[in-house]
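final-v1.tsv (TSV, C-alpha atoms and all ligand atoms) appears below.
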chain	number	residue	atom	x	y	z
I	1	MET	CA	13.24	117.74	-58.75
I	2	ASN	CA	16.76	118.99	-57.95
I	3	GLY	CA	19.16	116.83	-55.99
I	4	HIS	CA	18.28	113.67	-54.13
I	5	TYR	CA	14.76	112.79	-53.13
I	6	SER	CA	13.44	110.14	-50.81
I	7	ILE	CA	10.26	108.11	-50.72
I	8	ALA	CA	9.33	106.20	-47.56
I	9	ILE	CA	7.01	103.19	-47.76
I	10	ASP	CA	5.82	101.71	-44.48
I	11	GLY	CA	3.20	99.12	-43.77
I	12	PRO	CA	2.53	95.68	-42.31
I	13	SER	CA	4.13	92.42	-43.48
I	14	GLY	CA	2.93	91.15	-46.81
I	15	ALA	CA	1.33	94.40	-47.98
I	16	GLY	CA	3.48	94.25	-51.12
I	17	LYS	CA	5.88	97.04	-50.13
I	18	SER	CA	9.00	95.45	-51.56
I	19	SER	CA	7.56	94.36	-54.93
I	20	LEU	CA	6.02	97.76	-55.41
I	21	ALA	CA	9.06	99.72	-54.24
I	22	GLN	CA	11.35	97.60	-56.40
I	23	ARG	CA	9.30	98.25	-59.51
I	24	CYS	CA	9.09	101.98	-58.75
I	25	ALA	CA	12.84	102.17	-58.21
I	26	LYS	CA	13.39	100.67	-61.68
I	27	ALA	CA	10.83	102.97	-63.28
I	28	PHE	CA	12.18	106.17	-61.68
I	29	GLY	CA	15.86	105.15	-61.81
I	30	ILE	CA	16.41	105.42	-58.06
I	31	LEU	CA	17.75	103.08	-55.38
I	32	TYR	CA	15.48	100.61	-53.64
I	33	VAL	CA	16.39	99.96	-50.00
I	34	ASP	CA	14.73	97.01	-48.29
I	35	THR	CA	15.33	97.74	-44.59
I	36	GLY	CA	13.51	94.56	-43.50
I	37	ALA	CA	16.38	92.60	-45.08
I	38	ILE	CA	18.79	94.29	-42.65
I	39	TYR	CA	16.69	93.26	-39.62
I	40	ARG	CA	16.40	89.78	-41.14
I	41	THR	CA	20.19	89.52	-41.31
I	42	VAL	CA	20.46	90.36	-37.59
I	43	GLY	CA	17.64	87.86	-36.88
I	44	LEU	CA	19.51	85.18	-38.82
I	45	ALA	CA	22.74	85.83	-36.89
I	46	ALA	CA	20.87	85.44	-33.57
I	47	TYR	CA	19.17	82.29	-34.83
I	48	ARG	CA	22.46	80.72	-35.92
I	49	ARG	CA	24.06	81.45	-32.57
I	50	GLY	CA	21.06	80.16	-30.68
I	51	ILE	CA	20.69	83.44	-28.77
I	52	ASP	CA	17.38	84.27	-27.08
I	53	ARG	CA	16.03	86.90	-29.48
I	54	LYS	CA	14.38	88.88	-26.74
I	55	ASP	CA	17.51	89.04	-24.59
I	56	GLU	CA	18.64	92.55	-25.45
I	57	ARG	CA	21.97	92.28	-23.63
I	58	ALA	CA	22.98	89.13	-25.47
I	59	ILE	CA	21.89	90.55	-28.82
I	60	MET	CA	23.72	93.84	-28.20
I	61	GLU	CA	26.88	91.94	-27.35
I	62	MET	CA	26.60	90.08	-30.63
I	63	LEU	CA	26.06	93.16	-32.86
I	64	PRO	CA	29.60	94.60	-32.94
I	65	GLU	CA	30.88	91.15	-33.93
I	66	LEU	CA	28.71	91.07	-37.03
I	67	GLN	CA	29.72	92.29	-40.42
I	68	ILE	CA	26.50	93.25	-42.15
I	69	GLY	CA	27.00	94.05	-45.80
I	70	MET	CA	24.64	95.24	-48.48
I	71	ARG	CA	25.41	95.20	-52.20
I	72	TYR	CA	23.46	95.60	-55.40
I	73	ASP	CA	23.98	93.00	-58.11
I	74	ASP	CA	24.00	93.71	-61.85
I	75	SER	CA	20.22	93.48	-62.09
I	76	GLY	CA	19.86	96.03	-59.29
I	77	GLU	CA	18.81	93.41	-56.74
I	78	GLN	CA	19.76	94.16	-53.12
I	79	ARG	CA	21.83	91.33	-51.65
I	80	MET	CA	22.61	90.88	-47.98
I	81	TYR	CA	25.89	89.56	-46.59
I	82	LEU	CA	26.62	88.26	-43.13
I	83	ASN	CA	30.31	88.07	-42.28
I	84	GLY	CA	31.12	88.02	-45.98
I	85	ALA	CA	28.68	85.29	-47.04
I	86	ASP	CA	25.59	85.96	-49.17
I	87	VAL	CA	22.53	85.23	-47.01
I	88	SER	CA	19.91	86.78	-49.31
I	89	ALA	CA	17.96	83.52	-49.73
I	90	GLU	CA	18.28	82.27	-46.17
I	91	ILE	CA	16.89	85.45	-44.58
I	92	ARG	CA	13.58	84.80	-46.40
I	93	LEU	CA	12.84	81.55	-44.54
I	94	PRO	CA	9.64	81.78	-42.44
I	95	GLU	CA	11.48	81.06	-39.17
I	96	ILE	CA	13.84	83.95	-39.89
I	97	SER	CA	10.86	86.29	-40.46
I	98	ILE	CA	9.83	85.63	-36.88
I	99	CYS	CA	13.43	86.12	-35.61
I	100	ALA	CA	13.62	89.42	-37.52
I	101	SER	CA	10.41	90.64	-35.95
I	102	ASP	CA	11.70	89.61	-32.50
I	103	VAL	CA	15.08	91.37	-32.73
I	104	SER	CA	13.51	94.43	-34.36
I	105	SER	CA	11.51	95.10	-31.20
I	106	LEU	CA	14.77	95.81	-29.29
I	107	PRO	CA	15.56	99.56	-29.12
I	108	GLY	CA	19.31	98.89	-29.16
I	109	VAL	CA	19.07	96.99	-32.43
I	110	ARG	CA	17.06	99.80	-34.01
I	111	ALA	CA	19.54	102.44	-32.87
I	112	PHE	CA	22.44	100.36	-34.20
I	113	LEU	CA	20.90	100.13	-37.69
I	114	LEU	CA	19.62	103.70	-37.95
I	115	GLU	CA	22.70	105.42	-39.32
I	116	MET	CA	23.28	102.75	-41.97
I	117	GLN	CA	19.80	103.44	-43.36
I	118	ARG	CA	20.10	107.25	-43.20
I	119	GLN	CA	23.47	107.19	-44.94
I	120	LEU	CA	21.93	105.46	-47.99
I	121	ALA	CA	19.34	108.22	-48.29
I	122	ARG	CA	21.96	110.95	-47.98
I	123	GLU	CA	23.96	109.50	-50.85
I	124	ASN	CA	21.17	108.45	-53.24
I	125	SER	CA	17.62	109.15	-54.29
I	126	VAL	CA	15.83	106.29	-52.61
I	127	ILE	CA	12.61	104.48	-52.19
I	128	MET	CA	12.99	102.82	-48.80
I	129	ASP	CA	10.56	100.37	-47.27
I	130	GLY	CA	10.09	99.24	-43.70
I	131	ARG	CA	7.98	99.98	-40.63
I	132	ASP	CA	9.37	103.25	-39.29
I	133	ILE	CA	10.87	104.91	-42.34
I	134	GLY	CA	8.45	107.86	-42.48
I	135	THR	CA	8.26	108.21	-38.69
I	136	VAL	CA	11.87	107.68	-37.52
I	137	VAL	CA	14.46	106.90	-40.20
I	138	LEU	CA	13.54	109.60	-42.73
I	139	PRO	CA	11.11	111.95	-40.98
I	140	ASP	CA	11.82	114.54	-43.71
I	141	ALA	CA	11.17	112.15	-46.61
I	142	ASP	CA	9.77	113.97	-49.65
I	143	LEU	CA	6.91	111.50	-49.88
I	144	LYS	CA	5.55	109.02	-47.32
I	145	ILE	CA	3.29	106.14	-48.23
I	146	PHE	CA	1.53	103.85	-45.78
I	147	LEU	CA	0.75	100.69	-47.72
I	148	THR	CA	-1.75	98.33	-46.21
I	149	ALA	CA	-4.22	95.52	-47.00
I	150	SER	CA	-6.38	93.21	-44.88
I	151	ALA	CA	-4.56	90.36	-43.12
I	152	ALA	CA	-6.55	87.82	-45.16
I	153	ALA	CA	-5.59	89.43	-48.48
I	154	ARG	CA	-1.93	89.54	-47.40
I	155	ALA	CA	-1.97	85.88	-46.37
I	156	GLU	CA	-3.49	84.87	-49.71
I	157	ARG	CA	-0.86	86.82	-51.65
I	158	ARG	CA	1.95	85.31	-49.60
I	159	LEU	CA	0.55	81.82	-50.23
I	160	LYS	CA	0.48	82.53	-53.96
I	161	GLN	CA	4.06	83.82	-53.91
I	162	LEU	CA	5.21	80.69	-52.08
I	163	ALA	CA	3.31	78.45	-54.52
I	164	GLU	CA	5.07	80.18	-57.42
I	165	LYS	CA	8.35	79.20	-55.80
I	166	GLY	CA	7.11	75.63	-55.52
I	167	VAL	CA	6.64	75.89	-51.74
I	168	SER	CA	3.35	74.63	-50.38
I	169	ALA	CA	2.14	76.25	-47.19
I	170	ASP	CA	-0.91	76.17	-45.02
I	171	TYR	CA	-3.18	79.24	-45.21
I	172	GLU	CA	-3.94	79.26	-41.47
I	173	GLU	CA	-0.26	79.04	-40.62
I	174	VAL	CA	0.64	81.90	-42.97
I	175	LEU	CA	-2.20	83.99	-41.53
I	176	ARG	CA	-1.03	83.22	-37.99
I	177	ASP	CA	2.53	84.37	-38.80
I	178	ILE	CA	1.21	87.57	-40.36
I	179	ARG	CA	-0.92	88.29	-37.29
I	180	TYR	CA	1.99	87.53	-34.94
I	181	ARG	CA	4.19	90.01	-36.76
I	182	ASP	CA	1.40	92.62	-37.09
I	183	GLU	CA	0.84	92.54	-33.36
I	184	GLN	CA	4.51	92.61	-32.44
I	185	ASP	CA	5.55	95.21	-35.04
I	186	SER	CA	2.65	97.55	-34.16
I	187	GLY	CA	2.55	96.92	-30.42
I	188	ARG	CA	6.25	97.35	-29.56
I	189	ALA	CA	7.41	100.44	-27.70
I	190	ALA	CA	10.41	101.13	-29.98
I	191	ALA	CA	9.45	102.74	-33.28
I	192	PRO	CA	6.20	100.81	-33.73
I	193	LEU	CA	4.63	100.38	-37.13
I	194	LYS	CA	2.30	103.31	-37.67
I	195	ALA	CA	1.45	105.73	-40.42
I	196	ALA	CA	3.29	109.05	-40.25
I	197	GLU	CA	0.87	111.95	-39.86
I	198	ASP	CA	1.77	113.23	-43.30
I	199	ALA	CA	1.68	109.82	-45.04
I	200	VAL	CA	-0.61	108.98	-47.93
I	201	THR	CA	-2.43	105.74	-47.09
I	202	MET	CA	-2.86	103.19	-49.88
I	203	ASP	CA	-5.13	100.27	-49.02
I	204	THR	CA	-4.60	97.61	-51.69
I	205	THR	CA	-7.05	94.98	-50.40
I	206	GLN	CA	-9.13	95.47	-53.54
I	207	ILE	CA	-6.40	96.58	-55.95
I	208	ASP	CA	-4.11	94.24	-57.84
I	209	PHE	CA	-0.37	94.77	-58.27
I	210	ASP	CA	-0.55	96.63	-61.59
I	211	GLY	CA	-3.28	98.88	-60.22
I	212	SER	CA	-1.24	99.61	-57.10
I	213	PHE	CA	1.83	100.39	-59.20
I	214	ALA	CA	-0.10	102.78	-61.45
I	215	LEU	CA	-1.57	104.52	-58.39
I	216	LEU	CA	1.83	104.88	-56.72
I	217	CYS	CA	3.40	106.27	-59.90
I	218	ARG	CA	0.61	108.84	-60.11
I	219	ILE	CA	1.13	109.91	-56.48
I	220	ILE	CA	4.89	110.22	-57.03
I	221	GLU	CA	4.43	112.29	-60.16
I	222	GLU	CA	1.88	114.57	-58.51
I	223	ARG	CA	3.73	115.05	-55.24
I	224	LEU	CA	7.33	115.17	-56.42
I	225	GLY	CA	6.98	116.37	-59.98
I	226	VAL	CA	9.18	113.55	-61.30
I	227	ARG	CA	8.27	111.22	-64.12
I	228	PRO	CA	9.30	107.59	-64.63
I	229	GLU	CA	12.47	107.27	-66.70
I	230	LYS	CA	11.27	103.94	-68.03
I	231	GLU	CA	7.68	103.05	-68.87
I	232	GLY	CA	6.33	99.54	-68.55
I	233	VAL	CA	9.00	98.04	-66.29
G	301	LIG	O1	9.71	93.84	-44.23
G	301	LIG	P1	10.12	92.49	-43.69
G	301	LIG	O2	8.95	91.57	-43.49
G	301	LIG	O3	11.21	91.85	-44.47
G	301	LIG	O4	10.73	92.82	-42.23
G	301	LIG	C1	11.15	91.81	-41.34
G	301	LIG	C2	10.90	92.27	-39.90
G	301	LIG	O5	11.75	93.38	-39.60
G	301	LIG	C3	9.47	92.75	-39.63
G	301	LIG	O6	8.74	91.79	-38.90
G	301	LIG	C4	9.62	94.00	-38.81
G	301	LIG	C5	11.06	94.38	-38.87
G	301	LIG	N1	11.31	95.68	-39.49
G	301	LIG	C6	11.29	96.77	-38.67
G	301	LIG	O7	11.00	96.65	-37.48
G	301	LIG	N2	11.58	97.99	-39.18
G	301	LIG	C7	11.88	98.15	-40.48
G	301	LIG	N3	12.18	99.37	-40.93
G	301	LIG	C8	11.87	97.02	-41.33
G	301	LIG	C9	11.56	95.80	-40.81

If you took the structure in this file and wrote it as structure tokens, what would it be?
Amino acid sequence: MNGHYSIAIDGPSGAGKSSLAQRCAKAFGILYVDTGAIYRTVGLAAYRRGIDRKDERAIMEMLPELQIGMRYDDSGEQRMYLNGADVSAEIRLPEISICASDVSSLPGVRAFLLEMQRQLARENSVIMDGRDIGTVVLPDADLKIFLTASAAARAERRLKQLAEKGVSADYEEVLRDIRYRDEQDSGRAAAPLKAAEDAVTMDTTQIDFDGSFALLCRIIEERLGVRPEKEGV
């Protein structure tokens, strides 16, 4: 492949987009862009200021006052900054997930963040994950993947991830959050979550992480004619 290429991965919360995209980025030596983290940073700012997250006017007034920064650390991890402070851990809190979903349903917020995302793809070969990457952000992406799994499978995986971090959570509560976000992210008028017409759908309900990674690598190799730079990452 000559020049930059772009891979879009969209799908519902908890489908494993970021883990998979991160591993692929390492294997193929390209940049991983987690666009959800950008919406989470806006959600966190609204939360901290106590702004009603559905009040578009109030949120739009806040946006120009925010300094949203994105940097990659030495291990290639994407870190998010809000007004100069690293908020990468805080934006992962469950209450901020809900705030992120709320603010992301506002068309003004989406328009504000669009150029930042496109710029990254102009300057780098990327694998970018989100909800509207293949449909809105990068409609000309070289490869579009729609990654999905049943809500129950996603809730179980999330619970396992939290347990690994020493956080105990209630299955029903995790499932309820996933369903809330599914409904809101798919049902909103502005750039709703949906598969692009030319996306390859990968349903991983029955496939484990290694299996999903192997499948994605195969699709990338077949569609783009590029091979991983590093095996076994
Ligand atoms: O991928 P994530 O769970 O970190 O995303 C957090 C929220 O941001 C999610 O509920 C929907 C929203 N989002 C979006 O609307 N568009 C994107 N491209 C990425 C995320």

Open item on the list: Show me which residues line ligand LIG 301 (chain G), defined as having an atom within 6 Å of a ligand atom where only C-alpha atoms and all ligand atoms count, and present them as a ChimeraX atom specification.
Closed with: /I:13,35-37,39-40,97,100-101,104,130-133,181,185

What is the distance between CA of Ile59 in chain I and CA of Tyr47 in chain I, in Å to one decimal?
->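 Going from CA of Ile59 in chain I over to CA of Tyr47 in chain I, I get 10.6 Å.
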
What gap, in Å, lies between CA of Ala85 in chain I and CA of Met60 in chain I?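 Computed distance, CA of Ala85 in chain I to CA of Met60 in chain I, equals 21.3 Å.
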
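Closest approach to Ser6 in chain I among I:Val226, I:Ala152, I:Met128, I:Val87 is made by I:Met128 (distances from only C-alpha atoms).
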
At a cut-off of 8 Å from (-10.0, 93.5, -48.9) in the coordinates of the file, what residues are picked up using all atoms listed in the file, written as an MDAnalysis selection string?
-> chainID I and resid 149:150 152:153 204:206

Each range 120-222 of chain I residue no farther than 7 Å from range 22-34 of chain I, nearest pair in Å, only C-alpha atoms, as a Markdown table:
| residue | atom | partner | partner_atom | distance |
| --- | --- | --- | --- | --- |
| I:Asn124 | CA | I:Leu31 | CA | 6.7 |
| I:Ser125 | CA | I:Ile30 | CA | 5.4 |
| I:Val126 | CA | I:Leu31 | CA | 4.7 |
| I:Ile127 | CA | I:Tyr32 | CA | 5.0 |
| I:Met128 | CA | I:Val33 | CA | 4.6 |
| I:Asp129 | CA | I:Asp34 | CA | 5.5 |
| I:Gly130 | CA | I:Asp34 | CA | 6.9 |

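Distances from I:Ala141, I:Ala151, I:Ile38, I:Leu159 to Ile96 in chain I were compared using only C-alpha atoms, and the smallest one belongs to I:Ile38.
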
One decimal place gives the CA of Ala190 in chain I-CA of Thr41 in chain I separation as 18.9 Å

Please output range 57-68 of chain I, rebuilt to include all heavy atoms, as a PDB file, in the coordinates of the input.
ATOM      1  N   ARG I  57      20.541  92.218 -23.951  1.00  0.00           N
ATOM      2  CA  ARG I  57      21.970  92.280 -23.630  1.00  0.00           C
ATOM      3  C   ARG I  57      22.779  91.340 -24.511  1.00  0.00           C
ATOM      4  O   ARG I  57      23.798  91.723 -25.087  1.00  0.00           O
ATOM      5  CB  ARG I  57      22.178  91.961 -22.149  1.00  0.00           C
ATOM      6  CG  ARG I  57      23.036  93.033 -21.502  1.00  0.00           C
ATOM      7  CD  ARG I  57      23.375  92.729 -20.082  1.00  0.00           C
ATOM      8  NE  ARG I  57      24.346  91.641 -20.006  1.00  0.00           N
ATOM      9  CZ  ARG I  57      24.672  91.044 -18.873  1.00  0.00           C
ATOM     10  NH1 ARG I  57      24.097  91.401 -17.748  1.00  0.00           N
ATOM     11  NH2 ARG I  57      25.570  90.077 -18.860  1.00  0.00           N
ATOM     12  N   ALA I  58      22.261  90.127 -24.656  1.00  0.00           N
ATOM     13  CA  ALA I  58      22.980  89.130 -25.470  1.00  0.00           C
ATOM     14  C   ALA I  58      23.031  89.572 -26.929  1.00  0.00           C
ATOM     15  O   ALA I  58      24.065  89.437 -27.605  1.00  0.00           O
ATOM     16  CB  ALA I  58      22.297  87.775 -25.339  1.00  0.00           C
ATOM     17  N   ILE I  59      21.927  90.118 -27.409  1.00  0.00           N
ATOM     18  CA  ILE I  59      21.890  90.550 -28.820  1.00  0.00           C
ATOM     19  C   ILE I  59      22.842  91.735 -29.016  1.00  0.00           C
ATOM     20  O   ILE I  59      23.583  91.792 -29.995  1.00  0.00           O
ATOM     21  CB  ILE I  59      20.448  90.945 -29.241  1.00  0.00           C
ATOM     22  CG1 ILE I  59      19.475  89.768 -29.082  1.00  0.00           C
ATOM     23  CG2 ILE I  59      20.414  91.527 -30.648  1.00  0.00           C
ATOM     24  CD1 ILE I  59      19.499  88.731 -30.162  1.00  0.00           C
ATOM     25  N   MET I  60      22.858  92.667 -28.057  1.00  0.00           N
ATOM     26  CA  MET I  60      23.720  93.840 -28.200  1.00  0.00           C
ATOM     27  C   MET I  60      25.200  93.450 -28.158  1.00  0.00           C
ATOM     28  O   MET I  60      26.025  94.074 -28.812  1.00  0.00           O
ATOM     29  CB  MET I  60      23.421  94.883 -27.098  1.00  0.00           C
ATOM     30  CG  MET I  60      22.064  95.555 -27.232  1.00  0.00           C
ATOM     31  SD  MET I  60      21.695  96.171 -28.883  1.00  0.00           S
ATOM     32  CE  MET I  60      22.845  97.528 -29.019  1.00  0.00           C
ATOM     33  N   GLU I  61      25.489  92.414 -27.396  1.00  0.00           N
ATOM     34  CA  GLU I  61      26.880  91.940 -27.350  1.00  0.00           C
ATOM     35  C   GLU I  61      27.291  91.330 -28.688  1.00  0.00           C
ATOM     36  O   GLU I  61      28.438  91.397 -29.100  1.00  0.00           O
ATOM     37  CB  GLU I  61      27.032  90.879 -26.243  1.00  0.00           C
ATOM     38  CG  GLU I  61      27.375  91.510 -24.901  1.00  0.00           C
ATOM     39  CD  GLU I  61      27.332  90.507 -23.760  1.00  0.00           C
ATOM     40  OE1 GLU I  61      27.472  89.276 -24.019  1.00  0.00           O
ATOM     41  OE2 GLU I  61      27.128  90.955 -22.630  1.00  0.00           O
ATOM     42  N   MET I  62      26.319  90.734 -29.352  1.00  0.00           N
ATOM     43  CA  MET I  62      26.600  90.080 -30.630  1.00  0.00           C
ATOM     44  C   MET I  62      26.825  91.117 -31.756  1.00  0.00           C
ATOM     45  O   MET I  62      27.658  90.906 -32.647  1.00  0.00           O
ATOM     46  CB  MET I  62      25.401  89.178 -30.983  1.00  0.00           C
ATOM     47  CG  MET I  62      25.433  88.606 -32.384  1.00  0.00           C
ATOM     48  SD  MET I  62      23.899  87.751 -32.815  1.00  0.00           S
ATOM     49  CE  MET I  62      22.851  89.136 -33.276  1.00  0.00           C
ATOM     50  N   LEU I  63      26.066  92.221 -31.719  1.00  0.00           N
ATOM     51  CA  LEU I  63      26.060  93.160 -32.860  1.00  0.00           C
ATOM     52  C   LEU I  63      27.432  93.641 -33.335  1.00  0.00           C
ATOM     53  O   LEU I  63      27.703  93.581 -34.539  1.00  0.00           O
ATOM     54  CB  LEU I  63      25.154  94.372 -32.546  1.00  0.00           C
ATOM     55  CG  LEU I  63      23.645  94.122 -32.605  1.00  0.00           C
ATOM     56  CD1 LEU I  63      22.883  95.408 -32.295  1.00  0.00           C
ATOM     57  CD2 LEU I  63      23.224  93.588 -33.968  1.00  0.00           C
ATOM     58  N   PRO I  64      28.303  94.095 -32.439  1.00  0.00           N
ATOM     59  CA  PRO I  64      29.600  94.600 -32.940  1.00  0.00           C
ATOM     60  C   PRO I  64      30.448  93.516 -33.599  1.00  0.00           C
ATOM     61  O   PRO I  64      31.380  93.818 -34.342  1.00  0.00           O
ATOM     62  CB  PRO I  64      30.303  95.125 -31.679  1.00  0.00           C
ATOM     63  CG  PRO I  64      29.283  95.134 -30.604  1.00  0.00           C
ATOM     64  CD  PRO I  64      28.191  94.205 -30.981  1.00  0.00           C
ATOM     65  N   GLU I  65      30.105  92.254 -33.331  1.00  0.00           N
ATOM     66  CA  GLU I  65      30.880  91.150 -33.930  1.00  0.00           C
ATOM     67  C   GLU I  65      30.393  90.818 -35.336  1.00  0.00           C
ATOM     68  O   GLU I  65      30.988  90.026 -36.040  1.00  0.00           O
ATOM     69  CB  GLU I  65      30.753  89.893 -33.062  1.00  0.00           C
ATOM     70  CG  GLU I  65      31.401  90.057 -31.702  1.00  0.00           C
ATOM     71  CD  GLU I  65      30.998  88.965 -30.733  1.00  0.00           C
ATOM     72  OE1 GLU I  65      30.417  87.943 -31.161  1.00  0.00           O
ATOM     73  OE2 GLU I  65      31.253  89.147 -29.528  1.00  0.00           O
ATOM     74  N   LEU I  66      29.277  91.403 -35.718  1.00  0.00           N
ATOM     75  CA  LEU I  66      28.710  91.070 -37.030  1.00  0.00           C
ATOM     76  C   LEU I  66      29.213  92.018 -38.094  1.00  0.00           C
ATOM     77  O   LEU I  66      29.332  93.220 -37.862  1.00  0.00           O
ATOM     78  CB  LEU I  66      27.182  91.182 -37.008  1.00  0.00           C
ATOM     79  CG  LEU I  66      26.408  90.348 -36.004  1.00  0.00           C
ATOM     80  CD1 LEU I  66      24.920  90.582 -36.190  1.00  0.00           C
ATOM     81  CD2 LEU I  66      26.748  88.873 -36.158  1.00  0.00           C
ATOM     82  N   GLN I  67      29.430  91.455 -39.265  1.00  0.00           N
ATOM     83  CA  GLN I  67      29.720  92.290 -40.420  1.00  0.00           C
ATOM     84  C   GLN I  67      28.496  92.203 -41.308  1.00  0.00           C
ATOM     85  O   GLN I  67      28.247  91.159 -41.932  1.00  0.00           O
ATOM     86  CB  GLN I  67      30.895  91.710 -41.175  1.00  0.00           C
ATOM     87  CG  GLN I  67      32.186  92.435 -40.947  1.00  0.00           C
ATOM     88  CD  GLN I  67      33.229  91.854 -41.866  1.00  0.00           C
ATOM     89  OE1 GLN I  67      33.464  90.642 -41.835  1.00  0.00           O
ATOM     90  NE2 GLN I  67      33.799  92.679 -42.701  1.00  0.00           N
ATOM     91  N   ILE I  68      27.711  93.275 -41.332  1.00  0.00           N
ATOM     92  CA  ILE I  68      26.500  93.250 -42.150  1.00  0.00           C
ATOM     93  C   ILE I  68      26.796  94.043 -43.429  1.00  0.00           C
ATOM     94  O   ILE I  68      27.132  95.227 -43.360  1.00  0.00           O
ATOM     95  CB  ILE I  68      25.315  93.882 -41.405  1.00  0.00           C
ATOM     96  CG1 ILE I  68      25.060  93.086 -40.117  1.00  0.00           C
ATOM     97  CG2 ILE I  68      24.056  93.921 -42.266  1.00  0.00           C
ATOM     98  CD1 ILE I  68      24.060  93.724 -39.197  1.00  0.00           C
TER      99      ILE I  68
END
